[in-house]
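Here the structure comes first, spelled out in structure tokens, and everything after it is commentary.
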Amino acid sequence: MIKVAVVGCGGMGNIHADRYASMPEASLVGVCDVNEAAAKALGDAMGVLWFTSMAEMLKEVGAEAVSLAVPTYLHVPLLKEAADLGVHVICEKPIALSSAEAAEAIRYCEERGVRLFVGHVVRFFPNYEQLAGKVREFGGERGGVYHAKRAGSHPALVQPWFKDAAKSGGVVFDLMIHDIDYALGTFGEATEVFAFNKVTDDIDYATATFRFKNGTIAQIEAFWGYPGPFYTSFEYAAAGGIVRGASSDSESLSVRVAAPPGSAAGFVETPQSVLLQDPYYRELAHFLSCIESGGEPIVTAKDALLAVRWAEAALESARTGQPVKLGEGGAR
Amino acid sequence: MRKLKIGMLSFAHSHAFDYLDSLLRMRNVEVAGIADEAPERTKELAARHSIPYYADYRDLLADASVEAVVICSENVRHAELTIASAKAGKHVLCEKPLGLGAEEMESMIAACKEAGVELMTAFPCRYLTPVVRAKEALERGEIGEILSFKATNRGSFPDVPWFSDKSLSGGGAVLDHTVHVMDLMNWFTGSNPASVYAYAATLFDPEGKRTIDDAGMVHVTFENGVSAVLDPSWSRNPGFPTWGDVTMDIIGTKGVISIDAFNQKNSVYSRKSGKGDWAFWGDDMNALMLEAFVTAILEGKPVPVTGEDGLRSARVALRAYDSVEAGSPVKV
Ligand SMILES: NC(=O)c1ccc[n+]([C@@H]2O[C@H](COP(=O)([O-])OP(=O)(O)OC[C@H]3O[C@@H](n4cnc5c(N)ncnc54)[C@H](O)[C@@H]3O)[C@@H](O)[C@H]2O)c1
């Protein structure tokens, strides 16, 4: 049983706290947010102590590990503070907003003997796990053509800090990083990237093509400000076969409720793809088991650093209009 | 009703068979001759429909009553056949890609102009009903200004051998499958491609013997700043439920238009084929394209898709190969 605490009681913090609370191998001991109302709401809902300062919480509740679900620009300062207190860190993605900062975070945790895990959750989605198996089966050597897409409404509509690229990194660092991480975990070493990025007041759209050493061409799109429900899709095609899937094709349960008479829409519909253990649960349980066993996680902090390097290269390509070689930066 | 007498020059490209089917069903058309250098391919077919057969296309062109021709030869012969037809005073509908070099295509256009005949490039995708509706929505300004395109024109490896012989085809998937969607993007933006950067590779031959490119990713920047990514790969295998696709997301400042042109389909599971198939039931783009050609000629009007259109998109595909060589974007 590992004692865990959660810092940041927003969107992701709520998910982390909820999953820990239902996990036999974890004991949720506290939550924290600089926004007192958010901290209190989640603490009360989970029946745990709540705080407005991480340092205070970590000292008081004796947490062995802490989840950082704070705005991205705060990841590194807070993870250093936790490391100084000897607490293992499970940090939301991306690890940092620059590769220099990411490398520094890894070094810092290593020196203090605390583990550092980064929540690249796509590796824990069963459909993507299966996809990775098919990639191996269908011709890993010569590679194939991969497409991945991730699109949703602009997160700044809910949390304004996402709009500030200095805080969130924009769509490449925040959203595309999911598929970048997945691609580096699945296709290995990339040699080059070519990208476009279109930013308006309402939209941040990026499209990046990564070329891999094994020949694979991976075309990845990320879209904030997409006028439709959150959507993900992938396709891998190689000599041995094709595998593809999309979030819109995998809803396994839909609850449709008749709306009260007189309301504009005739019904309210909530489609879901349901699992006993969702990907966040699987991810967090995996990280905790690595803390217990001392084993290597499926996605390492070095992978998270690499994903940041590739994201930097994609943005550089979008800025310069030239392909950017990944060189040493492309290798795992 | 006046009937347009059309001759068909070469059946090297299997689209000729589809075009013939459509032409035979048109009440304002008489197929007045088939010229094909391979009698085993077409002699019997011509006899079955009581159409005069010629082993030498020059004999067909000598028939003064033939007003127009449809050219479906190997790509490398498009120029020779088009120019000879123009000199014989025939209007031309030429299969894409229009030609294998900018100069060659310019001479085709010039020959037709000089002879006072029309030259149309066979871009049937212009006649896909969802494409036409998308163009109308764009013109109404429904999604604001175009920012970016993401498109696929994936297909199966052509079963006609000359496609994999560069001396006859001029190129592989990147040439064959860039031009259709490139033409749509030119049409939608009303702008010209300024630069292109592409990847081309050979990834989909299970035997590993193929040398022509069957995979690629083409990135285009238009003069007006719009960016585009297109997958032209011959990546569908016989296990896939259909031959290929034409899809396009048009990302605008105020919305997104998504085209999946062949998604109007029934799923068919036949014991005989042993696999699932998608049977298309949407409008017939080939028939609509041929009708547009025939109507223009009969009414003495300019054809709706010109030789210049063919040149504009073929040039992008040809420059795409130059960019692969150069390893950097090239001007179009
Ligand atoms: N893995 C995923 O699928 C996924 C999804 C969304 C977001 N994220 C990541 O999770 C992180 C948080 O995103 P979010 O959507 O939950 O944001 P959010 O804005 O909803 O929540 C962040 C919370 O952190 C609090 N906070 C700010 N500074 C703090 C501090 N110093 N100490 C304690 N609390 C502080 C804020 O008050 C807020 O409640 C981001 O890095 C984001 O990239 C990951």
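Just so we're on the same page: first chain in the structure tokens is A, next is B, and so on; residues restart at 1 for each chain, and ligands are numbered from 1 in the order they show up.
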
Distance filter 8 Å, only C-alpha atoms, chain B against chain A, as a list in words: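 Listed by rising number, the hits are Leu147, Ser148, Tyr199, Ala201, Leu203, Phe204, Asp205, Pro206, Ala215, Gly216, Met217, Ser227, Ser235, Arg236, Asn237, Gly239, Phe240, Thr253, Gly255, Val256, Ser328 and Pro329 of chain B.
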
Sel. of alpha helix (DSSP H) residues, stretch 186-300 of chain A, as a PyMOL selection string: chain A and resi 186-187+279-293

Which residues are close to B:Arg319, i.e. within 9 Å by only C-alpha atoms, leaving aside same-chain residues fewer than 6 positions away? Reply as a short mmCIF file (atom, residue, chain, number, x, y, z; two decimals) with N, CA, C and O atoms, in the first residue's frame.
data_model
loop_
_atom_site.label_atom_id
_atom_site.label_comp_id
_atom_site.auth_asym_id
_atom_site.auth_seq_id
_atom_site.Cartn_x
_atom_site.Cartn_y
_atom_site.Cartn_z
N SER B 195 5.38 25.86 -52.75
CA SER B 195 6.49 24.95 -52.50
C SER B 195 5.97 23.60 -52.03
O SER B 195 4.83 23.49 -51.56
N VAL B 196 6.82 22.59 -52.21
CA VAL B 196 6.42 21.23 -51.83
C VAL B 196 7.59 20.54 -51.15
O VAL B 196 8.76 20.77 -51.49
N TYR B 197 7.26 19.74 -50.13
CA TYR B 197 8.25 18.87 -49.50
C TYR B 197 7.61 17.51 -49.30
O TYR B 197 6.52 17.42 -48.73
N ALA B 198 8.26 16.48 -49.79
CA ALA B 198 7.62 15.16 -49.77
C ALA B 198 8.57 14.08 -49.26
O ALA B 198 9.80 14.23 -49.29
N VAL B 330 11.09 22.38 -52.17
CA VAL B 330 11.46 23.03 -53.43
C VAL B 330 10.31 23.89 -53.92
O VAL B 330 9.15 23.64 -53.59
N LYS B 331 10.65 24.91 -54.67
CA LYS B 331 9.62 25.79 -55.25
C LYS B 331 8.88 25.04 -56.36
O LYS B 331 9.47 24.22 -57.05
N VAL B 332 7.59 25.31 -56.50
CA VAL B 332 6.82 24.60 -57.53
C VAL B 332 6.80 25.37 -58.83
O VAL B 332 7.20 26.13 -59.32
#

Distance in Å - atom CA of A:Ile106 versus atom CA of A:Glu81: 13.2 Å

Residues within 9 Å of ligand 1, counting only C-alpha atoms and all ligand atoms, as a count of residues only: 55

Distance query stretch 291-296 of chain A at most 12 Å, only C-alpha atoms, self and fewer than 6 positions along chain excluded, as number ranges by chain: A: 1-4, 25-26, 64-66, 87-90, 113-117, 284-285, 302-303

Contacts of B:Asn263 at 12 Å (only C-alpha atoms; same-chain gap of 4+ positions) as a list in words: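 Here the qualifying residues turn out to be Leu128, Thr129, Pro130, Pro241, Thr242, Gly244, Asp245, Val246, Thr247, Ser258, Ile259, Ser267, Trp278, Ala279, Phe280, Trp281, Gly282 and Asp283 of chain B.
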
Residue selection dump (C-alpha atoms) as a tab-separated table (two decimals), in the first residue's frame:
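Saved file out35.tsv follows:
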chain	number	residue	atom	x	y	z
B	128	LEU	CA	-17.81	13.73	-56.50
B	129	THR	CA	-21.01	15.13	-55.05
B	130	PRO	CA	-19.51	15.66	-51.56
B	241	PRO	CA	-12.77	-3.82	-47.69
B	242	THR	CA	-12.31	-1.45	-50.62
B	244	GLY	CA	-8.93	3.05	-51.51
B	245	ASP	CA	-10.27	6.43	-50.54
B	246	VAL	CA	-10.49	10.16	-51.08
B	247	THR	CA	-10.70	11.99	-47.76
B	258	SER	CA	-14.64	16.79	-43.71
B	259	ILE	CA	-15.02	14.86	-46.93
B	267	SER	CA	-20.87	-3.40	-45.65
B	278	TRP	CA	-17.60	-1.96	-48.76
B	279	ALA	CA	-19.99	-1.59	-51.68
B	280	PHE	CA	-20.24	2.04	-52.78
B	281	TRP	CA	-23.66	3.45	-53.66
B	282	GLY	CA	-22.97	7.17	-54.06
B	283	ASP	CA	-23.11	9.17	-57.29

For atom CA of A:Tyr281 and atom CA of A:Glu251, the interatomic separation in Å (one decimal):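 Atom CA of A:Tyr281 sits 19.0 Å away from atom CA of A:Glu251.
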
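Residue-level DSSP output for stretch 95-215 of chain B, from the backbone, shows strand (DSSP E) at Glu95, Leu119, Met120, Thr121, Ala122, Ile146, Leu147, Ser148, Phe149, Lys150, Ala151, Thr152, Pro193, Ala194, Ser195, Val196, Tyr197, Ala198, Tyr199, Ala200, Ala201 and Ala215 of chain B.
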
Output file for the residues above (C-alpha atoms, as an mmCIF file, in the first residue's frame):
data_model
loop_
_atom_site.group_PDB
_atom_site.id
_atom_site.type_symbol
_atom_site.label_atom_id
_atom_site.label_comp_id
_atom_site.auth_asym_id
_atom_site.auth_seq_id
_atom_site.Cartn_x
_atom_site.Cartn_y
_atom_site.Cartn_z
ATOM 1 C CA GLU B 95 -6.201 10.593 -68.237
ATOM 2 C CA LEU B 119 -8.092 19.735 -73.738
ATOM 3 C CA MET B 120 -9.597 18.375 -70.541
ATOM 4 C CA THR B 121 -7.689 16.550 -67.814
ATOM 5 C CA ALA B 122 -9.550 13.563 -66.370
ATOM 6 C CA ILE B 146 -8.998 28.066 -45.328
ATOM 7 C CA LEU B 147 -5.983 27.497 -43.058
ATOM 8 C CA SER B 148 -4.950 23.950 -43.873
ATOM 9 C CA PHE B 149 -5.828 20.678 -45.585
ATOM 10 C CA LYS B 150 -5.260 17.111 -44.497
ATOM 11 C CA ALA B 151 -6.090 14.654 -47.218
ATOM 12 C CA THR B 152 -5.641 11.055 -48.225
ATOM 13 C CA PRO B 193 1.139 25.756 -54.835
ATOM 14 C CA ALA B 194 4.300 27.670 -53.958
ATOM 15 C CA SER B 195 6.494 24.948 -52.496
ATOM 16 C CA VAL B 196 6.423 21.227 -51.833
ATOM 17 C CA TYR B 197 8.250 18.874 -49.502
ATOM 18 C CA ALA B 198 7.624 15.155 -49.766
ATOM 19 C CA TYR B 199 8.651 11.753 -48.556
ATOM 20 C CA ALA B 200 8.548 8.831 -50.954
ATOM 21 C CA ALA B 201 9.324 5.223 -50.133
ATOM 22 C CA ALA B 215 4.278 5.221 -50.113
#

For atom CA of B:Leu184 and atom CA of B:Gly225, the interatomic separation in Å (one decimal): 16.6 Å
